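Have a look at my_file00.txt; it's compact mmCIF, C-alpha atoms:
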```txt
# COMPACT_ATOMS: atom_id res chain seq x y z
CA MET Y 1 -7.57 -2.37 -14.86
CA LYS Y 2 -5.28 0.59 -14.73
CA LYS Y 3 -1.52 0.52 -14.09
CA MET Y 4 0.72 3.43 -13.25
CA SER Y 5 4.33 3.55 -12.11
CA VAL Y 6 5.55 5.84 -9.34
CA THR Y 7 7.96 7.32 -11.89
CA ASP Y 8 5.07 8.14 -14.29
CA VAL Y 9 3.20 10.25 -11.75
CA GLN Y 10 4.10 13.89 -11.25
CA ALA Y 11 5.21 14.73 -7.71
CA ALA Y 12 3.80 17.77 -5.94
CA GLU Y 13 5.57 19.56 -3.10
CA VAL Y 14 3.50 19.39 0.09
CA PRO Y 15 3.25 22.99 1.39
CA GLU Y 16 4.50 24.14 4.80
CA PRO Y 17 4.33 23.21 7.62
CA ALA Y 18 5.48 20.03 5.84
CA ASN Y 19 9.25 20.15 5.31
CA GLY Y 20 10.87 18.42 2.33
CA VAL Y 21 7.84 16.28 1.48
CA LYS Y 22 6.62 15.30 -1.99
CA ILE Y 23 3.35 13.55 -2.75
CA ARG Y 24 2.22 11.48 -5.73
CA TRP Y 25 -1.44 10.44 -6.00
CA LEU Y 26 -1.21 6.93 -7.52
CA ILE Y 27 -4.84 5.76 -7.24
CA ASP Y 28 -7.81 7.94 -6.33
CA GLU Y 29 -11.33 8.75 -7.43
CA LYS Y 30 -10.00 10.06 -10.76
CA THR Y 31 -8.62 6.57 -11.41
CA GLY Y 32 -12.06 5.16 -10.62
CA ALA Y 33 -11.48 4.03 -7.04
CA THR Y 34 -14.53 4.30 -4.82
CA ASN Y 35 -13.23 3.19 -1.42
CA PHE Y 36 -9.73 4.48 -0.70
CA ALA Y 37 -6.83 6.36 -2.25
CA MET Y 38 -3.17 5.32 -2.58
CA ARG Y 39 -0.60 8.09 -2.26
CA HIS Y 40 3.22 7.82 -2.45
CA PHE Y 41 5.24 10.13 -0.21
CA GLU Y 42 8.90 11.02 -0.39
CA ILE Y 43 10.46 12.70 2.65
CA ALA Y 44 13.93 14.18 2.17
CA PRO Y 45 16.66 13.53 4.76
CA GLY Y 46 15.86 15.81 7.71
CA GLY Y 47 12.33 16.38 6.42
CA ASN Y 48 9.02 15.73 8.14
CA THR Y 49 5.29 15.76 7.69
CA PRO Y 50 3.41 18.21 9.95
CA LEU Y 51 2.26 17.13 13.40
CA HIS Y 52 -1.49 17.01 12.89
CA SER Y 53 -4.63 14.96 13.36
CA HIS Y 54 -7.82 14.37 11.39
CA ARG Y 55 -10.89 12.21 11.64
CA TRP Y 56 -9.78 9.61 9.08
CA GLU Y 57 -7.37 6.72 9.52
CA HIS Y 58 -4.07 6.18 7.69
CA GLU Y 59 -2.53 2.96 6.47
CA VAL Y 60 1.17 3.40 5.77
CA PHE Y 61 3.80 1.07 4.30
CA ILE Y 62 7.48 2.05 4.41
CA LEU Y 63 9.26 1.33 1.12
CA SER Y 64 12.72 2.77 1.87
CA GLY Y 65 14.61 4.86 4.40
CA ARG Y 66 14.34 5.08 8.16
CA GLY Y 67 12.69 7.52 10.51
CA VAL Y 68 10.51 8.16 13.50
CA VAL Y 69 6.73 8.40 13.74
CA THR Y 70 5.39 10.51 16.59
CA SER Y 71 1.94 9.54 17.91
CA ASN Y 72 0.08 8.85 21.15
CA GLU Y 73 2.62 6.01 21.61
CA GLY Y 74 5.51 8.53 21.74
CA GLU Y 75 8.32 8.18 19.21
CA THR Y 76 8.50 4.91 17.27
CA GLU Y 77 11.27 4.05 14.82
CA PHE Y 78 10.34 2.71 11.40
CA GLY Y 79 12.13 1.18 8.44
CA PRO Y 80 11.52 -0.70 5.19
CA GLY Y 81 8.80 -3.35 5.39
CA ASP Y 82 6.97 -1.73 8.30
CA ALA Y 83 3.21 -1.20 8.09
CA ILE Y 84 1.73 1.51 10.31
CA TRP Y 85 -1.93 1.96 11.18
CA MET Y 86 -2.86 5.41 12.47
CA PRO Y 87 -6.44 5.62 13.75
CA GLY Y 88 -8.58 8.69 13.10
CA GLY Y 89 -8.17 11.46 15.67
CA GLU Y 90 -4.61 10.58 16.75
CA GLU Y 91 -1.98 13.30 16.38
CA HIS Y 92 0.99 12.13 14.32
CA ASN Y 93 3.90 13.02 12.11
CA PHE Y 94 6.62 11.19 10.17
CA ARG Y 95 10.24 12.35 10.29
CA ASN Y 96 13.16 11.12 8.20
CA THR Y 97 16.19 10.45 10.42
CA SER Y 98 18.21 8.64 7.74
CA PRO Y 99 20.62 9.94 5.08
CA GLU Y 100 18.41 8.65 2.24
CA PRO Y 101 14.86 9.62 1.26
CA VAL Y 102 12.03 7.95 3.13
CA THR Y 103 9.54 6.65 0.58
CA MET Y 104 6.22 5.31 1.79
CA LEU Y 105 2.68 4.59 0.72
CA CYS Y 106 -0.07 6.28 2.71
CA LEU Y 107 -3.66 5.24 2.03
CA ILE Y 108 -6.76 7.10 3.16
CA PRO Y 109 -10.52 6.65 2.75
CA ILE Y 110 -11.70 8.18 -0.52
CA ASP Y 111 -14.27 10.48 1.07
CA THR Y 112 -11.42 12.58 2.45
CA THR Y 113 -9.80 13.15 -0.94
CA ASN Y 114 -12.03 15.89 -2.31
CA LYS Y 115 -9.14 18.26 -2.69
CA MET F 1 -0.91 3.83 16.38
CA LYS F 2 0.11 0.30 15.66
CA LYS F 3 3.22 -0.81 13.78
CA MET F 4 3.98 -4.25 12.41
CA SER F 5 6.74 -5.46 10.11
CA VAL F 6 6.14 -7.87 7.24
CA THR F 7 8.65 -10.20 8.91
CA ASP F 8 6.63 -10.17 12.20
CA VAL F 9 3.45 -11.39 10.56
CA GLN F 10 2.88 -15.10 9.99
CA ALA F 11 2.40 -16.03 6.34
CA ALA F 12 -0.44 -18.36 5.33
CA GLU F 13 -0.41 -20.45 2.18
CA VAL F 14 -3.26 -19.43 -0.13
CA PRO F 15 -5.10 -22.66 -1.05
CA GLU F 16 -5.52 -23.95 -4.62
CA PRO F 17 -6.30 -22.86 -7.25
CA ALA F 18 -3.64 -20.34 -6.17
CA ASN F 19 -0.18 -21.71 -6.93
CA GLY F 20 2.82 -20.77 -4.78
CA VAL F 21 1.13 -17.83 -3.09
CA LYS F 22 1.54 -16.72 0.53
CA ILE F 23 -0.53 -14.04 2.24
CA ARG F 24 0.16 -11.89 5.30
CA TRP F 25 -2.65 -9.72 6.73
CA LEU F 26 -0.79 -6.59 7.87
CA ILE F 27 -3.71 -4.29 8.76
CA ASP F 28 -7.36 -5.33 9.04
CA GLU F 29 -10.36 -5.00 11.31
CA LYS F 30 -8.49 -6.86 14.06
CA THR F 31 -5.91 -4.06 14.01
CA GLY F 32 -8.76 -1.56 14.34
CA ALA F 33 -9.08 -0.47 10.71
CA THR F 34 -12.60 0.39 9.67
CA ASN F 35 -12.25 1.22 5.97
CA PHE F 36 -9.81 -1.09 4.18
CA ALA F 37 -7.34 -3.91 4.78
CA MET F 38 -3.66 -4.13 3.80
CA ARG F 39 -2.41 -7.56 2.79
CA HIS F 40 1.11 -8.57 1.68
CA PHE F 41 1.39 -11.28 -0.97
CA GLU F 42 4.40 -13.32 -1.99
CA ILE F 43 4.20 -15.24 -5.27
CA ALA F 44 6.96 -17.80 -5.90
CA PRO F 45 8.71 -17.91 -9.29
CA GLY F 46 6.27 -19.64 -11.67
CA GLY F 47 3.39 -19.10 -9.23
CA ASN F 48 0.11 -17.31 -9.78
CA THR F 49 -3.04 -16.14 -8.09
CA PRO F 50 -6.27 -17.71 -9.42
CA LEU F 51 -8.10 -16.12 -12.35
CA HIS F 52 -11.20 -14.82 -10.61
CA SER F 53 -13.45 -11.83 -10.13
CA HIS F 54 -15.41 -10.35 -7.23
CA ARG F 55 -17.52 -7.31 -6.55
CA TRP F 56 -14.82 -5.35 -4.67
CA GLU F 57 -11.90 -3.39 -6.07
CA HIS F 58 -8.19 -4.06 -5.50
CA GLU F 59 -5.37 -1.59 -5.06
CA VAL F 60 -2.01 -3.26 -5.62
CA PHE F 61 1.56 -2.00 -5.27
CA ILE F 62 4.46 -4.11 -6.55
CA LEU F 63 7.37 -4.21 -4.10
CA SER F 64 9.71 -6.66 -5.88
CA GLY F 65 9.84 -9.09 -8.78
CA ARG F 66 8.27 -8.99 -12.21
CA GLY F 67 5.24 -10.62 -13.72
CA VAL F 68 2.08 -10.34 -15.76
CA VAL F 69 -1.41 -9.31 -14.68
CA THR F 70 -4.25 -10.71 -16.79
CA SER F 71 -7.41 -8.60 -16.94
CA ASN F 72 -9.93 -7.15 -19.39
CA GLU F 73 -6.90 -5.27 -20.84
CA GLY F 74 -5.24 -8.58 -21.79
CA GLU F 75 -1.78 -9.31 -20.38
CA THR F 76 0.09 -6.39 -18.81
CA GLU F 77 3.65 -6.63 -17.49
CA PHE F 78 4.42 -5.26 -14.05
CA GLY F 79 7.50 -4.58 -11.96
CA PRO F 80 8.66 -2.80 -8.81
CA GLY F 81 7.06 0.61 -8.23
CA ASP F 82 3.93 -0.16 -10.25
CA ALA F 83 0.50 0.55 -8.77
CA ILE F 84 -2.43 -1.40 -10.19
CA TRP F 85 -6.10 -0.58 -9.75
CA MET F 86 -8.48 -3.45 -10.44
CA PRO F 87 -12.14 -2.42 -10.43
CA GLY F 88 -14.81 -4.64 -8.91
CA GLY F 89 -16.22 -7.24 -11.31
CA GLU F 90 -13.15 -7.50 -13.57
CA GLU F 91 -11.60 -10.97 -13.94
CA HIS F 92 -7.88 -10.95 -13.07
CA ASN F 93 -4.87 -12.86 -11.93
CA PHE F 94 -1.23 -12.13 -11.14
CA ARG F 95 1.56 -14.39 -12.40
CA ASN F 96 5.24 -14.31 -11.49
CA THR F 97 7.39 -14.53 -14.64
CA SER F 98 10.67 -13.64 -12.90
CA PRO F 99 13.27 -15.81 -11.14
CA GLU F 100 12.69 -14.03 -7.80
CA PRO F 101 9.58 -13.85 -5.63
CA VAL F 102 6.98 -11.24 -6.52
CA THR F 103 6.07 -9.35 -3.37
CA MET F 104 3.17 -6.93 -3.47
CA LEU F 105 0.63 -5.17 -1.32
CA CYS F 106 -3.02 -5.74 -2.16
CA LEU F 107 -5.62 -3.64 -0.37
CA ILE F 108 -9.35 -4.31 -0.28
CA PRO F 109 -12.38 -2.69 1.34
CA ILE F 110 -12.83 -3.92 4.91
CA ASP F 111 -16.41 -5.15 4.40
CA THR F 112 -15.03 -7.99 2.28
CA THR F 113 -12.67 -9.25 4.99
CA ASN F 114 -15.12 -11.17 7.16
CA LYS F 115 -13.24 -14.40 6.73
```
As structure tokens, the full file:
Amino acid sequence: MKKMSVTDVQAAEVPEPANGVKIRWLIDEKTGATNFAMRHFEIAPGGNTPLHSHRWEHEVFILSGRGVVTSNEGETEFGPGDAIWMPGGEEHNFRNTSPEPVTMLCLIPIDTTNK
Amino acid sequence: MKKMSVTDVQAAEVPEPANGVKIRWLIDEKTGATNFAMRHFEIAPGGNTPLHSHRWEHEVFILSGRGVVTSNEGETEFGPGDAIWMPGGEEHNFRNTSPEPVTMLCLIPIDTTNK
């Protein structure tokens, strides 16, 4: 068993075209995980992740803040306690429309994490 | 893209030997996920998950409440913002030692979810 707190893990700035986005890798293959990786994202007010797509799926859980996810479904509002499943191949981005940071978990299959 | 809120998803009581534990399946193969499943657990004050082990790993994120996880590392306290990785094969349980519910996400590989 390994335990780590969000506050123990160093945040890295996600480079452009992300805007105001920090990432923390909480659990990944370096932890010992073999199936999927848990990342923590923080999106500043007015910030957004890039509009992009990739072959792997996302599983997201919103911890705090409110915003809009853009996808094949158009624009969908999200807030704390929402889980979002984004299938592989679907274009998407997350935008913070609230005055506080959006914090969220975003999990991906481990075979995509060879950074 | 699919979005669901914790409050939209029906909770099921986890049978004994769990004690005071509710589960909500947020994302699984019925959603369309192919890699891993996201479940939301609620453990009542004084409640606990059973001490057990299985071949698959867990990735846990504590949303609220405080408690103790028992594992090969002995007893480890946890609280909000903690991520816990439990490798396959390690005996474990989660116990709520706080006066409020423990709520947490627990993710597992999808090939274990054929209920």
Can you list, as a ChimeraX atom specification, every protein, DNA or RNA residue that comes within 10 Å of Met38 (chain F) when you count only C-alpha atoms, leaving out same-chain residues fewer than 5 positions away? /Y:59-61,83,85,107 /F:24-28,33,59-60,105-110
Fewer than 4 positions away in the same chain doesn't count, so skip those; otherwise give me all residues within 12 Å of Val14 (chain Y), counting only C-alpha atoms, as an mmCIF file with C-alpha atoms, keeping the file's coordinate frame.
```cif
data_model
loop_
_atom_site.group_PDB
_atom_site.id
_atom_site.type_symbol
_atom_site.label_atom_id
_atom_site.label_comp_id
_atom_site.auth_asym_id
_atom_site.auth_seq_id
_atom_site.Cartn_x
_atom_site.Cartn_y
_atom_site.Cartn_z
ATOM 1 C CA ALA Y 18 5.480 20.030 5.840
ATOM 2 C CA ASN Y 19 9.250 20.150 5.310
ATOM 3 C CA GLY Y 20 10.870 18.420 2.330
ATOM 4 C CA VAL Y 21 7.840 16.280 1.480
ATOM 5 C CA LYS Y 22 6.620 15.300 -1.990
ATOM 6 C CA ILE Y 23 3.350 13.550 -2.750
ATOM 7 C CA ARG Y 24 2.220 11.480 -5.730
ATOM 8 C CA TRP Y 25 -1.440 10.440 -6.000
ATOM 9 C CA HIS Y 40 3.220 7.820 -2.450
ATOM 10 C CA PHE Y 41 5.240 10.130 -0.210
ATOM 11 C CA GLU Y 42 8.900 11.020 -0.390
ATOM 12 C CA ILE Y 43 10.460 12.700 2.650
ATOM 13 C CA ALA Y 44 13.930 14.180 2.170
ATOM 14 C CA GLY Y 47 12.330 16.380 6.420
ATOM 15 C CA ASN Y 48 9.020 15.730 8.140
ATOM 16 C CA THR Y 49 5.290 15.760 7.690
ATOM 17 C CA PRO Y 50 3.410 18.210 9.950
#
```
Could you give me, as a PDB file with C-alpha atoms, in the coordinates of the input, the residues within 8 Å of His54 (chain Y), counting only C-alpha atoms and dropping anything in the same chain fewer than 2 positions from it?
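Written file, out-v5.pdb:
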```
ATOM      1  CA  HIS Y  52      -1.490  17.010  12.890  1.00  0.00           C
ATOM      2  CA  TRP Y  56      -9.780   9.610   9.080  1.00  0.00           C
ATOM      3  CA  GLU Y  57      -7.370   6.720   9.520  1.00  0.00           C
ATOM      4  CA  GLY Y  88      -8.580   8.690  13.100  1.00  0.00           C
ATOM      5  CA  GLY Y  89      -8.170  11.460  15.670  1.00  0.00           C
ATOM      6  CA  GLU Y  90      -4.610  10.580  16.750  1.00  0.00           C
ATOM      7  CA  GLU Y  91      -1.980  13.300  16.380  1.00  0.00           C
TER       8      GLU Y  91
END
```
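The interface of chain Y with chain F at 6 Å, considering only C-alpha atoms, consists of Met1, Lys2, Lys3, Met4, Ser5, Val6, Gly81, Asp82, Ala83, Ile84, Trp85 and Met86 of chain Y.
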Using C-alpha atoms, can you export the residues from the last selection as a short mmCIF file (atom, residue, chain, number, x, y, z; two decimals), keeping the file's coordinate frame?
```cif
data_model
loop_
_atom_site.label_atom_id
_atom_site.label_comp_id
_atom_site.auth_asym_id
_atom_site.auth_seq_id
_atom_site.Cartn_x
_atom_site.Cartn_y
_atom_site.Cartn_z
CA MET Y 1 -7.57 -2.37 -14.86
CA LYS Y 2 -5.28 0.59 -14.73
CA LYS Y 3 -1.52 0.52 -14.09
CA MET Y 4 0.72 3.43 -13.25
CA SER Y 5 4.33 3.55 -12.11
CA VAL Y 6 5.55 5.84 -9.34
CA GLY Y 81 8.80 -3.35 5.39
CA ASP Y 82 6.97 -1.73 8.30
CA ALA Y 83 3.21 -1.20 8.09
CA ILE Y 84 1.73 1.51 10.31
CA TRP Y 85 -1.93 1.96 11.18
CA MET Y 86 -2.86 5.41 12.47
#
```
Is it possible to get the superposed chain Y, fitted on chain F over all Cα pairs by sequence order, as a short mmCIF file (atom, residue, chain, number, x, y, z; two decimals) with C-alpha atoms, in the frame of the given file?
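Written out: result-v6.cif:
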```cif
data_model
loop_
_atom_site.label_atom_id
_atom_site.label_comp_id
_atom_site.auth_asym_id
_atom_site.auth_seq_id
_atom_site.Cartn_x
_atom_site.Cartn_y
_atom_site.Cartn_z
CA MET Y 1 -0.91 3.84 16.37
CA LYS Y 2 0.10 0.31 15.65
CA LYS Y 3 3.23 -0.81 13.78
CA MET Y 4 3.98 -4.24 12.41
CA SER Y 5 6.75 -5.47 10.13
CA VAL Y 6 6.14 -7.86 7.25
CA THR Y 7 8.65 -10.19 8.92
CA ASP Y 8 6.64 -10.16 12.20
CA VAL Y 9 3.44 -11.40 10.56
CA GLN Y 10 2.88 -15.10 10.00
CA ALA Y 11 2.40 -16.05 6.35
CA ALA Y 12 -0.44 -18.35 5.34
CA GLU Y 13 -0.41 -20.45 2.18
CA VAL Y 14 -3.26 -19.43 -0.13
CA PRO Y 15 -5.09 -22.67 -1.06
CA GLU Y 16 -5.51 -23.97 -4.62
CA PRO Y 17 -6.31 -22.87 -7.27
CA ALA Y 18 -3.65 -20.35 -6.17
CA ASN Y 19 -0.18 -21.72 -6.93
CA GLY Y 20 2.81 -20.79 -4.77
CA VAL Y 21 1.12 -17.83 -3.08
CA LYS Y 22 1.53 -16.71 0.53
CA ILE Y 23 -0.53 -14.04 2.25
CA ARG Y 24 0.15 -11.89 5.31
CA TRP Y 25 -2.65 -9.73 6.73
CA LEU Y 26 -0.80 -6.58 7.88
CA ILE Y 27 -3.71 -4.28 8.77
CA ASP Y 28 -7.36 -5.31 9.04
CA GLU Y 29 -10.36 -4.99 11.30
CA LYS Y 30 -8.49 -6.86 14.06
CA THR Y 31 -5.91 -4.05 14.01
CA GLY Y 32 -8.76 -1.55 14.34
CA ALA Y 33 -9.08 -0.47 10.71
CA THR Y 34 -12.61 0.40 9.67
CA ASN Y 35 -12.25 1.22 5.97
CA PHE Y 36 -9.82 -1.09 4.19
CA ALA Y 37 -7.35 -3.90 4.78
CA MET Y 38 -3.66 -4.14 3.80
CA ARG Y 39 -2.41 -7.57 2.80
CA HIS Y 40 1.12 -8.57 1.67
CA PHE Y 41 1.40 -11.28 -0.98
CA GLU Y 42 4.40 -13.32 -1.99
CA ILE Y 43 4.21 -15.24 -5.27
CA ALA Y 44 6.95 -17.80 -5.90
CA PRO Y 45 8.70 -17.92 -9.29
CA GLY Y 46 6.26 -19.64 -11.66
CA GLY Y 47 3.39 -19.10 -9.23
CA ASN Y 48 0.10 -17.31 -9.77
CA THR Y 49 -3.05 -16.15 -8.09
CA PRO Y 50 -6.27 -17.72 -9.44
CA LEU Y 51 -8.10 -16.12 -12.36
CA HIS Y 52 -11.20 -14.81 -10.62
CA SER Y 53 -13.46 -11.83 -10.13
CA HIS Y 54 -15.43 -10.35 -7.24
CA ARG Y 55 -17.52 -7.29 -6.56
CA TRP Y 56 -14.83 -5.35 -4.68
CA GLU Y 57 -11.90 -3.38 -6.08
CA HIS Y 58 -8.20 -4.06 -5.50
CA GLU Y 59 -5.38 -1.59 -5.06
CA VAL Y 60 -2.02 -3.25 -5.62
CA PHE Y 61 1.56 -2.00 -5.26
CA ILE Y 62 4.46 -4.12 -6.54
CA LEU Y 63 7.37 -4.21 -4.09
CA SER Y 64 9.71 -6.65 -5.88
CA GLY Y 65 9.84 -9.09 -8.77
CA ARG Y 66 8.27 -9.00 -12.20
CA GLY Y 67 5.22 -10.62 -13.71
CA VAL Y 68 2.08 -10.34 -15.75
CA VAL Y 69 -1.42 -9.32 -14.69
CA THR Y 70 -4.25 -10.71 -16.79
CA SER Y 71 -7.42 -8.59 -16.93
CA ASN Y 72 -9.93 -7.15 -19.39
CA GLU Y 73 -6.92 -5.27 -20.84
CA GLY Y 74 -5.23 -8.58 -21.79
CA GLU Y 75 -1.78 -9.31 -20.38
CA THR Y 76 0.10 -6.40 -18.81
CA GLU Y 77 3.65 -6.64 -17.49
CA PHE Y 78 4.42 -5.27 -14.04
CA GLY Y 79 7.49 -4.58 -11.95
CA PRO Y 80 8.66 -2.79 -8.80
CA GLY Y 81 7.05 0.60 -8.23
CA ASP Y 82 3.93 -0.16 -10.25
CA ALA Y 83 0.51 0.56 -8.76
CA ILE Y 84 -2.43 -1.39 -10.19
CA TRP Y 85 -6.11 -0.57 -9.75
CA MET Y 86 -8.49 -3.45 -10.44
CA PRO Y 87 -12.15 -2.40 -10.43
CA GLY Y 88 -14.82 -4.64 -8.92
CA GLY Y 89 -16.23 -7.24 -11.31
CA GLU Y 90 -13.16 -7.51 -13.58
CA GLU Y 91 -11.60 -10.95 -13.95
CA HIS Y 92 -7.90 -10.94 -13.09
CA ASN Y 93 -4.87 -12.85 -11.94
CA PHE Y 94 -1.22 -12.13 -11.13
CA ARG Y 95 1.56 -14.39 -12.40
CA ASN Y 96 5.24 -14.31 -11.49
CA THR Y 97 7.39 -14.53 -14.63
CA SER Y 98 10.67 -13.64 -12.90
CA PRO Y 99 13.27 -15.81 -11.14
CA GLU Y 100 12.69 -14.04 -7.80
CA PRO Y 101 9.57 -13.85 -5.63
CA VAL Y 102 6.98 -11.24 -6.53
CA THR Y 103 6.07 -9.35 -3.37
CA MET Y 104 3.16 -6.93 -3.47
CA LEU Y 105 0.63 -5.16 -1.31
CA CYS Y 106 -3.02 -5.74 -2.16
CA LEU Y 107 -5.62 -3.63 -0.37
CA ILE Y 108 -9.35 -4.31 -0.28
CA PRO Y 109 -12.39 -2.68 1.34
CA ILE Y 110 -12.83 -3.93 4.90
CA ASP Y 111 -16.38 -5.17 4.41
CA THR Y 112 -15.01 -8.00 2.27
CA THR Y 113 -12.63 -9.27 4.95
CA ASN Y 114 -15.03 -11.20 7.15
CA LYS Y 115 -13.12 -14.40 6.67
#
```
Point-to-point distance from CA of Gly65 (chain Y) to CA of Val9 (chain Y), Å rounded to tenths: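 Distance between the two atoms: 20.5 Å.
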The distance between CA of Ala11 (chain Y) and CA of Asp111 (chain Y) is 21.8 Å
Separation of CA of Glu75 (chain Y) from CA of Ala12 (chain Y), in Å and rounded to one decimal: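 Spanning CA of Glu75 (chain Y) to CA of Ala12 (chain Y) is a straight-line distance of 27.3 Å.
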Centre and edges of the region 92-111 of chain Y box, axis-aligned, 8 Å extra per side, as lines of an AutoDock Vina configuration file:
```
center_x = 3.2
center_y = 8.8
center_z = 6.9
size_x = 50.9
size_y = 24.4
size_z = 30.8
```
Smallest atom-to-atom distance to Pro17 (chain Y): which of Y:Lys30, Y:Arg39, Y:Pro45, Y:Leu51, using only C-alpha atoms?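 Ranked by minimum distance to Pro17 (chain Y), first place goes to Y:Leu51.
Close to (2.1, -12.0, -14.8), meaning no more than 6 Å away when counting all atoms listed in the file, sit the residues Gly67, Val68, Val69, Phe94, Arg95, Asn96 and Thr97 of chain F.
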Supply region 49-70 of chain Y as a compact mmCIF listing (two decimals), in the coordinates of the input, with N, CA and C atoms built in where the input has gaps.
```txt
# COMPACT_ATOMS: atom_id res chain seq x y z
N THR Y 49 6.68 15.35 7.91
CA THR Y 49 5.29 15.76 7.69
C THR Y 49 4.85 16.56 8.93
N PRO Y 50 3.82 17.40 8.79
CA PRO Y 50 3.41 18.21 9.95
C PRO Y 50 2.79 17.35 11.05
N LEU Y 51 2.96 17.78 12.28
CA LEU Y 51 2.26 17.13 13.40
C LEU Y 51 0.81 17.59 13.35
N HIS Y 52 -0.09 16.63 13.07
CA HIS Y 52 -1.49 17.01 12.89
C HIS Y 52 -2.38 15.81 13.16
N SER Y 53 -3.67 16.07 13.23
CA SER Y 53 -4.63 14.96 13.36
C SER Y 53 -5.85 15.27 12.51
N HIS Y 54 -6.62 14.24 12.22
CA HIS Y 54 -7.82 14.37 11.39
C HIS Y 54 -8.70 13.16 11.68
N ARG Y 55 -9.92 13.24 11.24
CA ARG Y 55 -10.89 12.21 11.64
C ARG Y 55 -10.64 10.86 10.96
N TRP Y 56 -9.93 10.85 9.83
CA TRP Y 56 -9.78 9.61 9.08
C TRP Y 56 -8.50 8.86 9.45
N GLU Y 57 -8.53 7.56 9.21
CA GLU Y 57 -7.37 6.72 9.52
C GLU Y 57 -6.38 6.71 8.35
N HIS Y 58 -5.14 6.38 8.67
CA HIS Y 58 -4.07 6.18 7.69
C HIS Y 58 -3.63 4.73 7.70
N GLU Y 59 -3.30 4.20 6.53
CA GLU Y 59 -2.53 2.96 6.47
C GLU Y 59 -1.27 3.25 5.68
N VAL Y 60 -0.13 3.01 6.32
CA VAL Y 60 1.17 3.40 5.77
C VAL Y 60 2.02 2.14 5.56
N PHE Y 61 2.81 2.13 4.50
CA PHE Y 61 3.80 1.07 4.30
C PHE Y 61 5.11 1.73 3.91
N ILE Y 62 6.17 1.43 4.66
CA ILE Y 62 7.48 2.05 4.41
C ILE Y 62 8.22 1.26 3.33
N LEU Y 63 8.56 1.96 2.25
CA LEU Y 63 9.26 1.33 1.12
C LEU Y 63 10.78 1.43 1.28
N SER Y 64 11.27 2.59 1.71
CA SER Y 64 12.72 2.77 1.87
C SER Y 64 12.99 3.86 2.89
N GLY Y 65 14.20 3.84 3.43
CA GLY Y 65 14.61 4.86 4.40
C GLY Y 65 14.16 4.52 5.81
N ARG Y 66 14.65 5.31 6.75
CA ARG Y 66 14.34 5.08 8.16
C ARG Y 66 13.95 6.39 8.83
N GLY Y 67 13.09 6.30 9.83
CA GLY Y 67 12.69 7.52 10.51
C GLY Y 67 11.95 7.22 11.78
N VAL Y 68 11.24 8.24 12.23
CA VAL Y 68 10.51 8.16 13.50
C VAL Y 68 9.10 8.67 13.27
N VAL Y 69 8.12 7.92 13.74
CA VAL Y 69 6.73 8.40 13.74
C VAL Y 69 6.37 8.81 15.16
N THR Y 70 5.85 10.02 15.30
CA THR Y 70 5.39 10.51 16.59
C THR Y 70 3.88 10.34 16.65
```
